[in-house]
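Asker: File coords.txt below, compact mmCIF, C-alpha atoms:
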```
# COMPACT_ATOMS: atom_id res chain seq x y z
CA MET A 1 -27.45 3.64 -38.74
CA LYS A 2 -24.84 5.32 -40.90
CA GLU A 3 -21.45 3.75 -41.53
CA ILE A 4 -18.41 6.03 -41.26
CA SER A 5 -14.67 5.59 -41.73
CA ILE A 6 -12.26 5.08 -38.84
CA GLY A 7 -10.86 8.58 -39.40
CA GLU A 8 -14.27 10.22 -39.12
CA PHE A 9 -15.14 8.00 -36.16
CA ALA A 10 -11.89 9.04 -34.43
CA ARG A 11 -12.66 12.73 -34.96
CA ARG A 12 -16.23 12.46 -33.66
CA SER A 13 -15.41 10.19 -30.71
CA ARG A 14 -12.22 12.03 -29.62
CA LEU A 15 -10.28 8.75 -29.81
CA SER A 16 -7.02 8.44 -31.73
CA LEU A 17 -6.55 5.98 -34.58
CA LYS A 18 -3.97 4.17 -32.44
CA ALA A 19 -6.46 3.84 -29.56
CA LEU A 20 -9.21 2.58 -31.86
CA ARG A 21 -6.92 -0.09 -33.31
CA LEU A 22 -5.92 -1.14 -29.78
CA TYR A 23 -9.55 -1.30 -28.64
CA ASP A 24 -10.37 -3.42 -31.68
CA GLU A 25 -7.53 -5.84 -30.86
CA ARG A 26 -8.69 -6.11 -27.23
CA GLY A 27 -12.36 -6.57 -28.20
CA VAL A 28 -13.44 -3.39 -26.40
CA LEU A 29 -14.74 -1.42 -29.39
CA VAL A 30 -14.96 -3.55 -32.51
CA PRO A 31 -15.67 -2.02 -35.95
CA SER A 32 -18.97 -2.90 -37.57
CA ARG A 33 -17.08 -3.87 -40.73
CA VAL A 34 -13.52 -4.34 -41.94
CA ASP A 35 -12.92 -4.14 -45.69
CA GLN A 36 -11.29 -7.42 -46.67
CA ALA A 37 -9.35 -5.89 -49.56
CA SER A 38 -8.01 -2.71 -47.95
CA GLY A 39 -8.20 -3.59 -44.25
CA TYR A 40 -9.98 -0.28 -43.54
CA ARG A 41 -12.19 -0.24 -40.48
CA TYR A 42 -15.71 1.18 -40.57
CA TYR A 43 -18.02 1.97 -37.65
CA ASP A 44 -21.73 2.59 -37.22
CA THR A 45 -22.64 6.03 -35.92
CA ALA A 46 -24.59 4.24 -33.16
CA GLN A 47 -21.21 3.16 -31.75
CA LEU A 48 -20.27 6.77 -30.99
CA GLU A 49 -22.13 6.73 -27.70
CA GLU A 50 -20.23 3.59 -26.64
CA ALA A 51 -16.95 5.19 -27.74
CA ARG A 52 -17.61 8.30 -25.63
CA LEU A 53 -18.35 6.03 -22.68
CA VAL A 54 -14.97 4.33 -23.21
CA VAL A 55 -13.27 7.76 -23.20
CA MET A 56 -14.85 8.66 -19.85
CA LEU A 57 -14.12 5.25 -18.32
CA ARG A 58 -10.46 5.55 -19.30
CA GLN A 59 -10.40 8.92 -17.53
CA LEU A 60 -11.42 6.97 -14.41
CA GLN A 61 -8.36 4.75 -15.08
CA LEU A 62 -10.35 1.56 -15.60
CA PRO A 63 -8.29 -1.13 -17.34
CA LEU A 64 -9.43 -2.20 -20.79
CA ALA A 65 -10.43 -5.68 -19.60
CA ALA A 66 -12.76 -4.12 -17.01
CA ILE A 67 -14.22 -1.74 -19.62
CA LYS A 68 -14.91 -4.65 -21.96
CA GLU A 69 -16.86 -6.42 -19.21
CA LEU A 70 -18.67 -3.24 -18.22
CA LEU A 71 -19.87 -2.53 -21.77
CA ALA A 72 -21.56 -5.94 -21.81
CA CYS A 73 -23.51 -5.20 -18.59
CA ASP A 74 -26.98 -3.75 -18.26
CA PRO A 75 -26.97 -0.05 -17.18
CA ALA A 76 -27.81 -0.73 -13.52
CA ASP A 77 -25.00 -3.28 -13.14
CA ALA A 78 -22.59 -1.02 -15.01
CA ALA A 79 -23.45 1.90 -12.72
CA GLU A 80 -22.73 -0.23 -9.62
CA ARG A 81 -19.41 -1.40 -11.06
CA ILE A 82 -18.35 2.19 -11.73
CA ALA A 83 -19.36 3.20 -8.20
CA GLU A 84 -17.39 0.26 -6.77
CA HIS A 85 -14.33 1.19 -8.83
CA TRP A 86 -14.46 4.76 -7.60
CA ARG A 87 -14.78 3.70 -3.96
CA GLY A 88 -11.64 1.61 -4.47
CA ALA A 89 -9.86 4.53 -6.18
CA GLU A 90 -10.67 6.84 -3.27
CA ALA A 91 -9.42 4.26 -0.78
CA ALA A 92 -6.18 3.87 -2.77
CA HIS A 93 -5.74 7.67 -2.83
CA ASP A 94 -6.19 7.82 0.96
CA ALA A 95 -3.59 5.07 1.37
CA ARG A 96 -1.06 6.92 -0.83
CA ARG A 97 -1.65 10.08 1.22
CA ASP A 98 -0.85 8.11 4.39
CA LEU A 99 2.34 6.84 2.77
CA ALA A 100 3.33 10.37 1.71
CA ASP A 101 2.76 11.64 5.25
CA TYR A 102 4.87 8.79 6.62
CA LEU A 103 7.74 9.53 4.22
CA VAL A 104 7.63 13.29 4.93
CA ASN A 105 7.79 12.66 8.68
CA GLN A 106 10.58 10.10 8.27
CA LEU A 107 12.71 12.44 6.15
CA ARG A 108 12.17 15.22 8.69
CA GLY A 109 13.39 12.96 11.47
CA LYS A 110 9.98 12.44 13.02
CA ARG A 111 8.69 9.01 13.99
CA SER A 112 5.14 8.32 12.94
CA VAL A 113 3.28 5.20 14.04
CA MET A 114 1.12 3.94 11.21
CA TYR A 115 -0.24 0.67 12.61
CA GLU A 116 -0.24 -1.10 15.95
CA VAL A 117 1.95 -4.22 15.95
CA ALA A 118 1.24 -7.29 18.07
CA ILE A 119 2.90 -10.69 18.56
CA ARG A 120 1.36 -14.17 18.56
CA GLU A 121 2.35 -17.83 18.69
CA MET A 122 1.29 -20.03 15.77
CA PRO A 123 1.18 -23.83 16.14
CA GLU A 124 2.59 -26.37 13.73
CA ARG A 125 0.06 -26.84 10.95
CA SER A 126 -0.65 -29.13 8.01
CA LEU A 127 -1.32 -27.07 4.89
CA LEU A 128 -2.71 -27.71 1.43
CA CYS A 129 -1.06 -25.19 -0.90
CA LEU A 130 -0.94 -23.89 -4.46
CA LYS A 131 2.21 -21.97 -5.45
CA ARG A 132 2.87 -19.95 -8.59
CA ASN A 133 4.88 -17.01 -9.89
CA VAL A 134 2.47 -14.13 -10.53
CA HIS A 135 2.60 -10.42 -11.29
CA GLU A 136 0.56 -7.97 -9.24
CA GLN A 137 -2.24 -7.95 -11.83
CA GLU A 138 -2.45 -11.76 -11.68
CA ALA A 139 -2.48 -12.17 -7.89
CA TRP A 140 -6.22 -11.58 -7.44
CA ALA A 141 -7.14 -14.10 -10.17
CA PHE A 142 -4.73 -16.62 -8.62
CA GLY A 143 -6.48 -16.25 -5.26
CA LYS A 144 -9.90 -16.69 -6.90
CA GLU A 145 -8.66 -19.85 -8.62
CA PHE A 146 -7.61 -21.30 -5.25
CA ILE A 147 -10.95 -20.37 -3.66
CA ALA A 148 -12.83 -22.00 -6.56
CA ILE A 149 -10.97 -25.27 -5.92
CA LEU A 150 -11.96 -25.20 -2.23
CA ARG A 151 -15.58 -24.38 -3.05
CA GLU A 152 -15.81 -27.27 -5.48
CA ARG A 153 -14.37 -29.70 -2.92
CA PRO A 154 -14.86 -28.15 0.55
CA LEU A 155 -12.36 -28.87 3.30
CA PRO A 156 -13.21 -29.38 7.00
CA LYS A 157 -13.80 -26.05 8.72
CA MET A 158 -11.17 -24.98 11.23
CA GLU A 159 -11.90 -22.10 13.59
CA GLY A 160 -9.85 -19.00 14.36
CA ARG A 161 -6.69 -17.65 12.82
CA GLU A 162 -5.06 -21.08 12.91
CA GLY A 163 -7.67 -22.39 10.46
CA ALA A 164 -8.07 -19.37 8.19
CA MET A 165 -6.91 -19.33 4.58
CA PHE A 166 -3.79 -17.26 3.96
CA SER A 167 -1.35 -16.31 1.23
CA ILE A 168 2.43 -16.13 1.39
CA TYR A 169 4.52 -13.77 -0.71
CA TRP A 170 7.91 -15.45 -1.08
CA GLY A 171 9.26 -12.62 -3.23
CA GLU A 172 8.27 -9.29 -4.73
CA VAL A 173 4.90 -9.45 -6.48
CA SER A 174 4.44 -6.23 -8.42
CA ALA A 175 3.86 -4.85 -11.89
CA ASP A 176 7.60 -5.37 -12.51
CA SER A 177 8.23 -8.67 -10.75
CA ASP A 178 6.47 -12.05 -10.83
CA GLY A 179 7.52 -13.21 -7.39
CA PRO A 180 6.40 -16.58 -6.01
CA MET A 181 3.00 -16.48 -4.29
CA GLU A 182 1.50 -19.37 -2.35
CA MET A 183 -2.14 -19.85 -1.32
CA CYS A 184 -2.57 -22.02 1.79
CA LYS A 185 -5.44 -23.63 3.68
CA PRO A 186 -4.79 -25.37 7.03
CA VAL A 187 -6.28 -28.85 7.41
CA PRO A 188 -6.61 -31.15 10.46
CA GLU A 189 -3.35 -33.02 10.95
CA THR A 190 -5.10 -36.37 11.46
CA GLN A 191 -6.91 -36.05 8.12
CA ALA A 192 -4.20 -34.28 6.12
CA HIS A 193 -2.94 -37.19 3.98
CA ALA A 194 -6.44 -38.51 3.27
CA LEU A 195 -7.64 -35.04 2.24
CA ALA A 196 -4.60 -34.44 0.03
CA GLU A 197 -5.61 -37.40 -2.15
CA HIS A 198 -8.70 -35.44 -3.22
CA TYR A 199 -6.59 -32.41 -4.22
CA PRO A 200 -3.91 -33.66 -6.64
CA GLU A 201 -3.32 -30.08 -7.85
CA LEU A 202 -2.39 -28.96 -4.32
CA THR A 203 0.73 -29.68 -2.29
CA LEU A 204 0.57 -30.95 1.28
CA ARG A 205 3.26 -29.62 3.60
CA THR A 206 3.83 -29.00 7.29
CA GLU A 207 4.60 -25.51 8.55
CA PRO A 208 6.64 -25.31 11.77
CA ALA A 209 5.35 -23.70 14.94
CA HIS A 210 6.60 -20.13 15.12
CA ARG A 211 6.22 -16.70 16.67
CA GLU A 212 5.11 -13.91 14.36
CA MET A 213 4.47 -10.21 14.54
CA PHE A 214 1.36 -8.95 12.79
CA VAL A 215 -0.68 -5.89 11.88
CA ALA A 216 -4.48 -5.98 11.65
CA LEU A 217 -5.85 -4.23 8.57
CA PRO A 218 -9.58 -3.71 7.97
CA ALA A 219 -10.51 -4.27 4.34
CA GLY A 220 -11.42 -1.25 2.24
CA PRO A 221 -13.71 -1.15 -0.81
CA GLY A 222 -11.01 -2.59 -3.06
CA GLY A 223 -9.31 -4.81 -0.48
CA ILE A 224 -5.85 -3.88 0.74
CA SER A 225 -3.68 -1.77 -1.54
CA PRO A 226 0.09 -2.35 -1.96
CA VAL A 227 0.52 0.91 -0.02
CA HIS A 228 -1.13 -0.67 3.05
CA PHE A 229 1.33 -3.56 2.79
CA GLU A 230 4.28 -1.16 2.67
CA LEU A 231 3.04 0.79 5.70
CA ALA A 232 2.39 -2.44 7.60
CA MET A 233 5.91 -3.65 6.84
CA GLU A 234 7.42 -0.32 7.93
CA SER A 235 5.43 -0.50 11.17
CA MET A 236 6.69 -4.03 11.84
CA ARG A 237 10.31 -3.12 11.06
CA ALA A 238 10.19 -0.21 13.51
CA TRP A 239 8.50 -2.33 16.17
CA ALA A 240 10.99 -5.19 15.76
CA HIS A 241 13.89 -2.76 16.16
CA GLU A 242 12.38 -1.31 19.34
CA GLN A 243 11.71 -4.77 20.77
CA GLY A 244 15.23 -5.99 20.07
CA TYR A 245 14.29 -8.77 17.68
CA GLU A 246 17.03 -7.71 15.27
CA ASP A 247 19.59 -8.14 18.06
CA GLU A 248 18.03 -11.41 19.21
CA HIS A 249 18.26 -12.88 15.69
CA PRO A 250 21.33 -11.24 14.16
CA SER A 251 21.52 -13.69 11.24
CA SER A 252 17.95 -12.88 10.12
CA TRP A 253 14.44 -13.88 10.96
CA PRO A 254 13.23 -17.30 9.81
CA ASP A 255 12.15 -17.06 6.18
CA LEU A 256 8.50 -18.08 6.30
CA GLY A 257 7.48 -15.31 3.90
CA LEU A 258 5.24 -12.28 4.18
CA ARG A 259 1.79 -13.66 4.92
CA ILE A 260 -1.71 -12.27 4.67
CA THR A 261 -4.50 -14.06 6.54
CA TYR A 262 -8.04 -13.65 5.19
CA PHE A 263 -11.27 -13.59 7.17
CA SER A 264 -14.01 -13.71 4.53
CA THR A 265 -16.70 -13.85 7.20
CA GLY A 266 -15.94 -12.43 10.62
CA PRO A 267 -16.64 -14.50 13.71
CA VAL A 268 -19.38 -13.63 16.14
CA THR A 269 -16.96 -12.19 18.68
CA ASP A 270 -15.15 -8.93 17.99
CA PRO A 271 -12.68 -7.57 17.28
CA VAL A 272 -11.24 -9.67 14.44
CA PRO A 273 -9.94 -7.83 11.35
CA ASP A 274 -10.72 -8.72 7.77
CA TYR A 275 -7.03 -9.15 7.05
CA ASP A 276 -3.82 -9.27 8.93
CA VAL A 277 -0.25 -9.08 7.64
CA ALA A 278 2.39 -11.06 9.46
CA VAL A 279 6.12 -11.90 9.44
CA ALA A 280 7.72 -14.69 11.46
CA VAL A 281 10.36 -13.64 13.98
CA ALA A 282 11.26 -17.00 15.55
CA VAL A 283 10.67 -20.71 14.99
CA ALA A 284 9.61 -22.64 18.07
```
Rewrite the coordinates I just gave you, this time as C-alpha cells.
Answerer:
Amino acid sequence: MKEISIGEFARRSRLSLKALRLYDERGVLVPSRVDQASGYRYYDTAQLEEARLVVMLRQLQLPLAAIKELLACDPADAAERIAEHWRGAEAAHDARRDLADYLVNQLRGKRSVMYEVAIREMPERSLLCLKRNVHEQEAWAFGKEFIAILRERPLPKMEGREGAMFSIYWGEVSADSDGPMEMCKPVPETQAHALAEHYPELTLRTEPAHREMFVALPAGPGGISPVHFELAMESMRAWAHEQGYEDEHPSSWPDLGLRITYFSTGPVTDPVPDYDVAVAVAVA
C-alpha cells in the first residue's frame, strides 16, 4: 500500500479537501496517518475504493452516520442496507408526488380526497409515558429507546387499538423545531400504580375518554414520511369541516395532540393498518 497526501487523495477520489476533513471528523473516512508536527493528513491508496464508495453513497443521499455504519458491514449486509434505503427513497418520492398533486388541485379549486377519514370512541386509559423535546432526526431513536425499555421489562399485553403503543406530537417536530413528543403505552387500570413502580423513568397519567377522527396508513419501506402526515392532516381538516365539527366546537378541539398508533404485528383479523393518525374532536 502506498501512502499519498490528502491533496493527491482528493484528486484521485473526487472528494474535496473540505469533505475529507469532515469525513475524518465524523469517523467516516479516517486518514491512515496524521503528521504530528504539521497536521497533514495522509491516506493509503487502498482507501481510494472506500472513498469512491462514499461518493456514490452520498449521491444516494445517505447521511454520514448511516455511511459510517455501512462501511463497517460485510458486503451482503451493506447491499441489503442500500436496497432498503432506496426502497424508502422511492416511497418518499411517491409521497411527495401525491402532495404535489394535492396542492395543484387545491390551487386550481379542485377538491381531491387523499385518505378516507373515520371516527371512533376511545375509552379513558391509564398510560405509562416518556416525553421529550426532539428534532425530526431524533424522533426514531427516541421511539426505539422507549421500545427498548418495554422489552427489558415487558408490560401486560392489551388487545386492540385501546392497548396499542402510540406517540403524541404536542408540537412541531421537524428539522427546524424540537417539539415535544411523547411515547405512550396503555396499561390495565387496576395494575397501573403497581406497574409504574417498576418504571421510574416513565410517567403514569390518565387520558380522558374522547372521540377522535383518524386516518389509516399502511407502512411503507421506510415507515410513514412527514408528507403522509401532512396529507392525513389535510384529509382530516377537510372532513371535519364537512361534518360540522368546527361549528360544533367553535373554541377549538380538545388539545390531546396529534397521535400515531403503531401496530408492530397485525392481528389475525383484517383489516387493521400498520399505523393510524388521529386527532381528538371531543372529550366524553
Asker: Choose the residue, out of A:Val54, A:Val134, A:Ala92, A:Leu231, that has the smallest atom-to-atom separation from A:Tyr23; count all atoms listed in the file.
Answerer: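 The answer is A:Val54, which sits nearest to A:Tyr23.
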Asker: Please measure the separation of atom CA of A:Asp35 and atom CA of A:Val55, giving the value in Å to one decimal.
Answerer: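 Between these atoms lies a distance of 25.4 Å.
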Asker: Excluding A:Met213 and residues on its chain fewer than 2 positions from it, collect all residues at most 7 Å away from it, counting all atoms listed in the file, and give them as a PyMOL selection string.
Answerer: chain A and resi 117-120+278-281
Asker: Could you work out how far atom CA of A:Leu71 lies from atom CA of A:Ser38, giving the answer in Å with one decimal?
Answerer: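 Between these atoms lies a distance of 28.7 Å.
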Asker: Write out as a list of chain:residue names the residues lying within 7 Å of stretch 235-239 of chain A, counting all atoms listed in the file and excluding same-chain residues fewer than 3 positions away.
Answerer: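 Once the nearby chain positions are removed, what remains is A:Val113, A:Met114, A:Tyr115, A:Val117, A:Leu231, A:Ala232, A:Glu242, A:Gln243.
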Asker: Out of A:Glu159, A:Glu230, A:Glu172, A:Asp101, which residue has the shortest atom-to-atom distance to A:His135 when counting all atoms listed in the file?
Answerer: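 Answer, going by the shortest atom-to-atom distance: A:Glu172.
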Asker: Point out the residue among A:Asp178, A:Glu138, A:Glu145, A:Glu121 with the least atom-to-atom distance to A:Ala282, counting only C-alpha atoms.
Answerer: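 For A:Ala282, the nearest of the candidates is A:Glu121.
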Asker: Rounded to one decimal, what separation in Å do you get between atom CA of A:Ala164 and atom CA of A:Ala194?
Answerer: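 Spanning atom CA of A:Ala164 to atom CA of A:Ala194 is a straight-line distance of 19.8 Å.
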Asker: Return the single residue from A:Leu99, A:Ala10, A:Met122, A:Leu29 that is closest to A:Pro208, with distances computed using only C-alpha atoms.
Answerer: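 Looking only at the distances to A:Pro208, the closest residue turns out to be A:Met122.
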Asker: Which of these residues is nearest to A:Leu150, using all atoms listed in the file: A:Gly7, A:Pro186, A:Gly244, A:Pro180?
Answerer: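 Smallest distance to A:Leu150 is found for A:Pro186.
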Asker: Take every atom of stretch 241-245 of chain A listed in the file, fit an axis-aligned box around them, add 3 Å per side, and give the centre and edge lengths in Å to one decimal as lines of an AutoDock Vina configuration file.
Answerer:
```
center_x = 13.5
center_y = -5.0
center_z = 18.5
size_x = 9.5
size_y = 13.5
size_z = 10.6
```
Asker: With distances taken over only C-alpha atoms, which of A:Tyr40, A:Ser5, A:Glu69, A:Leu128 is nearest to A:His198?
Answerer: A:Leu128
Asker: Residues within 10 Å of A:Glu207, please, as a list in words. Count all atoms listed in the file; anything in the same chain fewer than 4 positions from it doesn't count.
Answerer: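 Returned residues: Met122, Pro123, Glu124, Arg125, Ser126, Leu127, Pro186 and Leu256 of chain A.
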Asker: Name the residues in contact with A:Ala19 at a cut-off of 12 Å, using all atoms listed in the file, excluding same-chain residues fewer than 2 positions from it; report them as a ChimeraX atom specification.
Answerer: /A:6-7,9-10,13-17,21-26,28-30,51,54-55,58,64
Asker: Would you kindly return, as a list in words, each protein, DNA or RNA residue with an atom no farther than 10 Å from any atom of A:Pro156, considering only C-alpha atoms and excluding same-chain residues fewer than 6 positions away?
Answerer: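 Result of the neighbour search: Gly163, Pro186, Val187, Pro188, Gln191 and Leu195 of chain A.
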